[in-house]
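See structure below.
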There are 2 protein chains.
Amino acid sequence: MADDVTEQDSSSRPQRSIMSRPTMADVARLSGVSAMTVSRALKDGASVSAKTRERILDVIEEIGYVPDLTAGGLSSKRSGFVTSLIPTINNSNFSDTACGLTDAFSKHGLQLLLGYTDYSAAREEELVAAMLRRRPEGMILTGGFHTPRARHLLDSAAIPIIETWDLPDNPIDQVVGFSNAEATGAMVHDLYKRGYRNIGFIGGSSNRDTRGADRRAGYEIAMAELNLGEGHVITFGTPPISMEQGGQAIVQMIGQWPEVDAVICVSDLSAFGVIMECHRRGWDVPGRIAVAGFGDFEVSRCCWPSITTVSVNSYDIGKQAGELLLATLDSLRSGAEVKPATQKVGFKVVSREST
Amino acid sequence: MADDVTEQDSSSRPQRSIMSRPTMADVARLSGVSAMTVSRALKDGASVSAKTRERILDVIEEIGYVPDLTAGGLSSKRSGFVTSLIPTINNSNFSDTACGLTDAFSKHGLQLLLGYTDYSAAREEELVAAMLRRRPEGMILTGGFHTPRARHLLDSAAIPIIETWDLPDNPIDQVVGFSNAEATGAMVHDLYKRGYRNIGFIGGSSNRDTRGADRRAGYEIAMAELNLGEGHVITFGTPPISMEQGGQAIVQMIGQWPEVDAVICVSDLSAFGVIMECHRRGWDVPGRIAVAGFGDFEVSRCCWPSITTVSVNSYDIGKQAGELLLATLDSLRSGAEVKPATQKVGFKVVSREST
DNA sequence: GCAACATTTGTTACCGATAACATGAAGGCA
DNA sequence: TGCCTTCATGTTATCGGTAACAAATGTTGC
């Protein structure tokens with residue numbers, strides 16, 4: 001690899017100067033109006049005569065004025081921020097949700113402050129504390145598991161909170177999610193209908209990923225319902241879920257329980273790892289073993305064989321949560337009563353070539 | 001799919017009350033000191049007696065005071081924000097860079113404001129304008145292509161700017177990146193050394209992805225250097241790069257130029273699509289055709305055959321850019337001169353089973 | 001014991017916008 | 001014409017902190 005190199009090329013580019021920027025008062029002076037009129041000209045819906053507004057906008061363009069939302073927010077008591085915490089931005093399920101949130105908010109002048117917790121409740125707590133200092137107007141969390149202190153902070157923040165990607169037993173406020181256990185159970189039932197009887201489960205060994213733990217619980221419940229015995233579970237490593245872990249796990253699974261004819265993986269990423277390892281070892285999928293994942297990632301659609309999965313509309317979770325938050329903020333502002341609601345989002349078992 | 005359902009369960013959860021939060025003045029009054037002393041107690045390095053600080057912290061804990069960074073930032077003229085714009089958060093290369101940035105900043109009390117441009121310069125311009133209203137202390141951009149208005153906004157913002165993932169001809173300020181053309185050229189040379197002579201290229205048809213266009217240019221330059229003719233290029237769709245597009249492109253490539261014995265893809269994602277399509281059709285990789293990608297995504301490491309790629313340390317681009325920005329801010333504050341520098345980051349051709 | 005200095009705390013002004021209220025001008029209607 | 005309404009604009013106070021300076025208190029050394 002070429003070594004990292006730094007070039008000092010002061011000659012080619014001038015040092016950029018740092019100087020103070022124009023304020024609303026500057027615009028006001030140059031347009032011959034008061035600062036308040038400038039403020040109104042920038043807010044649509046306010047009563048400013050057409051020609052005054054035009055003059056003001058000309059001045060703004062000319063001197064390159066950029067309004068300072070920090071000051072505006074302090075005064076109006078509305079920061080324009082909404083915070084979202086997701087486990088990682090490196091998982092397209094969660095980043096899709098973040099996109100849905102951004103899209104829901106951007107038209108309404110709200111900006112998303114994104115943080116990632118690395119699947120750690122302690123880190124989530126830190127982030128909650130850090131984010132609350134920005135006075136967000138609402139917060140969107142992933143999952144229903146939080147430290148007591150995080151819950152306390154959120155409670156006293158007195159802003160709308162939405163928990164997503166889960167159906168917590170004891171929600172803080174509003175919820176947009178689904179039951180990970182139920183969804184995994186549906187996959188077990190689907191495999192059963194297709195004739196598989198020795199169904200294994202591959203998942204993380206840590207409870208840090210609570211959705212992963214819920215999926216495993218759903219697997220165990222469904223196995224019991226169908227009288228398929230205790231099941232065969234292989235666990236590996238800590239979150240985030242990686243493809244490679246799946247490859248290691250399937251080798252262990254087959255070694256330990258050769259009778260297993262199907263595996264459900266906690267995520268499509270591990271399912272992909274399983275399938276690649278099977279290719280490598282010449283085990284036919286689904287002939288020797290059927291493989292199912294969770295999350296409907298792009299890789300599952302494109303993989304050969306394509307991977308059976310539980311499809312959840314990740315983007316829509318974000319979009320719905322965003323819209324619910326907007327509606328809640330509207331209600332609060334108009335003084336209407338807001339009833340905490342739980343919005344269940346649908347999921348679907350998508351059967352593909354791998355089962 | 002189960003229909004989306006909303007439950008109104010007002011009975012089970014009380015409506016959360018929205019009330020005003022304690023301020024620093026409240027803390028001051030309850031601790032019997034002035035607000036300024038509270039402010040000092042919260043800032044480490046300030047001279048406050050141990051017992052006063054303890055008393056203040058007790059009060060803060062008791063009433064659940066959360067400092068308001070909005071107000072603090074307005075007063076101190078330091079927002080504590082740094083903005084980063086990336087094409088999409090759904091690509092682990094860029095999200096890794098964002099993680100590197102977050103890690104570099106978080107210890108220094110700076111918070112990352114992340115935006116994604118969807119590979120559109122117009123959207124980037126909008127985001128630049130929107131972000132500048134938050135008075136970020138610096139900005140990290142992806143690539144060197146920006147609209148004139150965006151450049152103008154950035155120039156007059158008078159904050160340090162770092163362009164990444166590229167070596168722009170005419171940089172705004174500082175740069176942390178590498179030459180996408182050179183990197184792709186290195187891949188062509190590597191394939192040549194391995195004996196491939198009919199090397200094709202699969203990339204996007206749009207110039208919106210300027211790094212993609214640079215990679216294609218690098219391919220063409222290297223083909224000319226090696227006297228391998230004009231080369232064979234198949235282009236498809238618009239960014240973001242998808243796996244499926246690779247699958248379509250390889251079929252077209254083989255149909256049009258059956259003599260092609262190796263393809264370089266603009267990204268590992270399309271390379272993966274190519275390989276899966278080859279599996280599906282029974283074309284051996286690398287026997288019938290060798291396949292190389294770009295970016296060293298997880299899928300390339302885990303895939304069978306594993307995919308030859310150009311590896312760039314995405315996380316490190318973010319980390320380095322973050323540290324460069326921190327150093328620049330330090331220098332500016334201490335009044336030292338700051339020379340715009342270009343930091344080249346290394347890349348490496350990683351040969352795997354697919355070539 | 002007191003000057004000289006260090007440490008801790010307080011006071012005032014201000015960051016840059018907006019809310020709330022006040023004012024002035026233009027238009028409508030009897 | 002005169003009064004009332006409507007629309008456009010200005011004035012003042014304020015949001016919740018921090019910078020800068022001032023004052024008070026504690027500490028040290030001779």
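Each chain in the structure tokens gets a letter, A, B, ..., in the order shown, and its residues are numbered from 1; ligands are numbered from 1 in order too.
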
* To do: Pull out every residue of chain D sitting within 9 Å of chain B, counting only C-alpha atoms (C1' of nucleotides), and send them as a list in words.
  =>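 Taking only C-alpha atoms (C1' of nucleotides) into account, DC15, DG16, DG17, DT18 and DA19 of chain D sit within 9 Å of chain B.
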
* Just the strand (DSSP E or B) stuff from region 21-211 of chain A, please, per backbone DSSP, written as a PyMOL selection string. => chain A and resi 81-86+111-116+139-142+161-164+174-177+199-204

For N, CA, C and O atoms, I'd like the residues from the last selection saved as a tab-separated table (two decimals), in the first residue's frame.
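Ended up saving to out_30.tsv:
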```tsv
chain	number	residue	atom	x	y	z
A	81	PHE	N	-34.61	20.14	15.97
A	81	PHE	CA	-33.93	18.85	15.95
A	81	PHE	C	-34.85	17.73	16.40
A	81	PHE	O	-35.67	17.92	17.30
A	82	VAL	N	-34.68	16.60	15.77
A	82	VAL	CA	-35.22	15.35	16.31
A	82	VAL	C	-34.06	14.37	16.37
A	82	VAL	O	-33.26	14.30	15.44
A	83	THR	N	-33.92	13.67	17.46
A	83	THR	CA	-32.82	12.72	17.62
A	83	THR	C	-33.29	11.31	17.30
A	83	THR	O	-34.40	10.92	17.65
A	84	SER	N	-32.45	10.58	16.61
A	84	SER	CA	-32.71	9.16	16.43
A	84	SER	C	-31.48	8.37	16.84
A	84	SER	O	-30.37	8.70	16.44
A	85	LEU	N	-31.69	7.36	17.63
A	85	LEU	CA	-30.58	6.48	18.02
A	85	LEU	C	-30.81	5.10	17.42
A	85	LEU	O	-31.87	4.51	17.58
A	86	ILE	N	-29.82	4.63	16.68
A	86	ILE	CA	-29.89	3.29	16.10
A	86	ILE	C	-28.67	2.51	16.55
A	86	ILE	O	-27.68	3.10	16.98
A	111	GLN	N	-34.64	18.63	11.56
A	111	GLN	CA	-33.39	18.00	11.16
A	111	GLN	C	-33.12	16.81	12.06
A	111	GLN	O	-33.39	16.85	13.26
A	112	LEU	N	-32.59	15.75	11.46
A	112	LEU	CA	-32.34	14.54	12.23
A	112	LEU	C	-30.93	14.56	12.81
A	112	LEU	O	-29.95	14.76	12.11
A	113	LEU	N	-30.86	14.36	14.09
A	113	LEU	CA	-29.57	14.19	14.78
A	113	LEU	C	-29.40	12.71	15.02
A	113	LEU	O	-30.09	12.13	15.84
A	114	LEU	N	-28.49	12.10	14.28
A	114	LEU	CA	-28.38	10.64	14.32
A	114	LEU	C	-27.24	10.21	15.25
A	114	LEU	O	-26.16	10.79	15.23
A	115	GLY	N	-27.50	9.20	16.06
A	115	GLY	CA	-26.45	8.63	16.89
A	115	GLY	C	-26.50	7.13	16.80
A	115	GLY	O	-27.56	6.57	16.52
A	116	TYR	N	-25.38	6.46	17.01
A	116	TYR	CA	-25.42	5.01	17.01
A	116	TYR	C	-24.85	4.47	18.30
A	116	TYR	O	-23.86	4.97	18.83
A	139	MET	N	-37.70	12.20	20.23
A	139	MET	CA	-36.62	11.23	20.10
A	139	MET	C	-37.16	9.90	19.64
A	139	MET	O	-38.22	9.46	20.08
A	140	ILE	N	-36.42	9.27	18.72
A	140	ILE	CA	-36.79	7.96	18.18
A	140	ILE	C	-35.73	6.97	18.61
A	140	ILE	O	-34.55	7.14	18.30
A	141	LEU	N	-36.13	5.94	19.32
A	141	LEU	CA	-35.17	4.96	19.80
A	141	LEU	C	-35.39	3.62	19.08
A	141	LEU	O	-36.46	3.36	18.55
A	142	THR	N	-34.36	2.80	19.10
A	142	THR	CA	-34.49	1.45	18.56
A	142	THR	C	-34.63	0.48	19.72
A	142	THR	O	-33.76	0.43	20.58
A	161	ILE	N	-41.50	10.49	22.70
A	161	ILE	CA	-40.50	9.44	22.46
A	161	ILE	C	-41.19	8.34	21.65
A	161	ILE	O	-42.33	8.00	21.93
A	162	ILE	N	-40.49	7.81	20.67
A	162	ILE	CA	-41.04	6.66	19.95
A	162	ILE	C	-40.00	5.54	19.96
A	162	ILE	O	-38.85	5.75	19.59
A	163	GLU	N	-40.42	4.40	20.41
A	163	GLU	CA	-39.56	3.22	20.33
A	163	GLU	C	-39.94	2.43	19.09
A	163	GLU	O	-41.12	2.30	18.76
A	164	THR	N	-38.93	1.91	18.38
A	164	THR	CA	-39.18	1.25	17.11
A	164	THR	C	-38.56	-0.15	17.07
A	164	THR	O	-37.81	-0.53	17.96
A	174	GLN	N	-44.70	6.24	22.77
A	174	GLN	CA	-45.31	5.64	21.60
A	174	GLN	C	-44.40	4.54	21.03
A	174	GLN	O	-43.20	4.50	21.33
A	175	VAL	N	-44.99	3.71	20.19
A	175	VAL	CA	-44.24	2.59	19.62
A	175	VAL	C	-44.60	2.42	18.14
A	175	VAL	O	-45.77	2.53	17.77
A	176	VAL	N	-43.60	2.18	17.32
A	176	VAL	CA	-43.82	1.75	15.93
A	176	VAL	C	-42.93	0.54	15.73
A	176	VAL	O	-41.71	0.69	15.59
A	177	GLY	N	-43.52	-0.64	15.73
A	177	GLY	CA	-42.67	-1.82	15.65
A	177	GLY	C	-43.44	-3.09	15.41
A	177	GLY	O	-44.61	-3.07	15.01
A	199	ILE	N	-35.11	-28.24	12.56
A	199	ILE	CA	-34.80	-26.84	12.28
A	199	ILE	C	-33.89	-26.28	13.36
A	199	ILE	O	-34.21	-26.35	14.55
A	200	GLY	N	-32.76	-25.75	12.94
A	200	GLY	CA	-31.83	-25.14	13.89
A	200	GLY	C	-31.90	-23.62	13.87
A	200	GLY	O	-32.56	-23.02	13.01
A	201	PHE	N	-31.22	-23.02	14.83
A	201	PHE	CA	-31.20	-21.55	14.89
A	201	PHE	C	-29.76	-21.09	15.13
A	201	PHE	O	-29.04	-21.66	15.96
A	202	ILE	N	-29.36	-20.09	14.38
A	202	ILE	CA	-28.02	-19.51	14.54
A	202	ILE	C	-28.18	-18.05	14.93
A	202	ILE	O	-28.84	-17.27	14.22
A	203	GLY	N	-27.61	-17.69	16.07
A	203	GLY	CA	-27.77	-16.32	16.54
A	203	GLY	C	-26.60	-15.88	17.39
A	203	GLY	O	-25.65	-16.64	17.60
A	204	GLY	N	-26.69	-14.66	17.88
A	204	GLY	CA	-25.61	-14.11	18.69
A	204	GLY	C	-25.63	-14.68	20.09
A	204	GLY	O	-26.66	-15.14	20.57
```

* Could you give me, as a list in words, the residues within 12 Å of DT5 (chain D), counting only C-alpha atoms (C1' of nucleotides) and dropping anything in the same chain fewer than 5 positions from it? => DA26, DG27, DG28 and DC29 of chain C

Produce a file of the selected residues containing N, CA and C atoms (P, O5', C5', C4', C3', O3' and C1' of nucleotides), as an mmCIF file, in the first residue's frame.
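Writing done, so here's selection_22.cif:
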```
data_model
loop_
_atom_site.group_PDB
_atom_site.id
_atom_site.type_symbol
_atom_site.label_atom_id
_atom_site.label_comp_id
_atom_site.auth_asym_id
_atom_site.auth_seq_id
_atom_site.Cartn_x
_atom_site.Cartn_y
_atom_site.Cartn_z
ATOM 1 P P DA C 26 -50.355 55.581 3.648
ATOM 2 O "O5'" DA C 26 -51.448 54.486 3.260
ATOM 3 C "C5'" DA C 26 -51.034 53.133 3.039
ATOM 4 C "C4'" DA C 26 -52.271 52.253 2.951
ATOM 5 C "C3'" DA C 26 -53.374 52.814 2.038
ATOM 6 O "O3'" DA C 26 -53.820 51.796 1.167
ATOM 7 C "C1'" DA C 26 -54.262 52.333 4.181
ATOM 8 P P DG C 27 -54.888 52.103 -0.001
ATOM 9 O "O5'" DG C 27 -56.215 51.432 0.592
ATOM 10 C "C5'" DG C 27 -56.185 50.064 0.997
ATOM 11 C "C4'" DG C 27 -57.502 49.699 1.656
ATOM 12 C "C3'" DG C 27 -58.744 50.159 0.873
ATOM 13 O "O3'" DG C 27 -59.668 49.080 0.804
ATOM 14 C "C1'" DG C 27 -58.864 50.947 3.107
ATOM 15 P P DG C 28 -61.001 49.201 -0.026
ATOM 16 O "O5'" DG C 28 -62.085 49.118 1.134
ATOM 17 C "C5'" DG C 28 -62.014 48.031 2.074
ATOM 18 C "C4'" DG C 28 -63.202 48.092 3.023
ATOM 19 C "C3'" DG C 28 -64.527 48.428 2.333
ATOM 20 O "O3'" DG C 28 -65.561 47.648 2.943
ATOM 21 C "C1'" DG C 28 -64.024 50.107 3.943
ATOM 22 P P DC C 29 -66.987 47.525 2.208
ATOM 23 O "O5'" DC C 29 -67.909 48.363 3.183
ATOM 24 C "C5'" DC C 29 -67.866 48.108 4.603
ATOM 25 C "C4'" DC C 29 -68.553 49.235 5.325
ATOM 26 C "C3'" DC C 29 -69.836 49.748 4.629
ATOM 27 O "O3'" DC C 29 -70.930 49.647 5.528
ATOM 28 C "C1'" DC C 29 -68.416 51.569 5.235
#
```

* Going by DSSP on the backbone, which bits of region 213-292 of chain B are alpha helix (DSSP H)? Write them as number ranges by chain, please. => B: 213-225, 243-256, 268-281

* Asked: Using only C-alpha atoms (C1' of nucleotides), which residues sit within 12 Å of DC30 (chain D) once same-chain residues fewer than 5 positions away are excluded, as number ranges by chain?
  -> C: 1-4

Could you please take those selected residues and save C-alpha atoms (C1' of nucleotides) as an mmCIF file, in the first residue's frame?
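See again-v5.cif below for the written result:
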```
data_model
loop_
_atom_site.group_PDB
_atom_site.id
_atom_site.type_symbol
_atom_site.label_atom_id
_atom_site.label_comp_id
_atom_site.auth_asym_id
_atom_site.auth_seq_id
_atom_site.Cartn_x
_atom_site.Cartn_y
_atom_site.Cartn_z
ATOM 1 C "C1'" DG C 1 0.843 41.689 60.892
ATOM 2 C "C1'" DC C 2 0.595 43.010 56.424
ATOM 3 C "C1'" DA C 3 1.810 43.377 51.534
ATOM 4 C "C1'" DA C 4 1.541 40.611 47.421
#
```

With chain A as the partner and 10 Å as the cut-off, tabulate the residues of chain C that qualify, each row holding the nearest pair of atoms and their distance in Å to one decimal, using only C-alpha atoms (C1' of nucleotides), sorted by chain and rising number, as a tab-separated table.
```
residue	atom	partner	partner_atom	distance
C:DC15	C1'	A:Ala71	CA	8.0
C:DG16	C1'	A:Ala71	CA	4.9
C:DA17	C1'	A:Gly72	CA	4.3
C:DT18	C1'	A:Ser75	CA	5.3
C:DA19	C1'	A:Ser76	CA	7.4
```

* **Contacts of Pro305 (chain B) within 9 Å, only C-alpha atoms (C1' of nucleotides), excl. fewer than 5 positions in-chain, as a PyMOL selection string** => (chain A and resi 276+280) or (chain B and resi 275+285-286+300+352-354)

* **Contacts of Ser92 (chain B) at 9 Å (only C-alpha atoms (C1' of nucleotides); same-chain gap of 4+ positions) as a PyMOL selection string** => (chain A and resi 89-92) or (chain B and resi 96-97+297-298+314)

* To do: Point out the residue among A:Ile234, A:Val263, A:Ala46, A:Leu324 with the least atom-to-atom distance to chain B, counting only C-alpha atoms.
  => A:Leu324
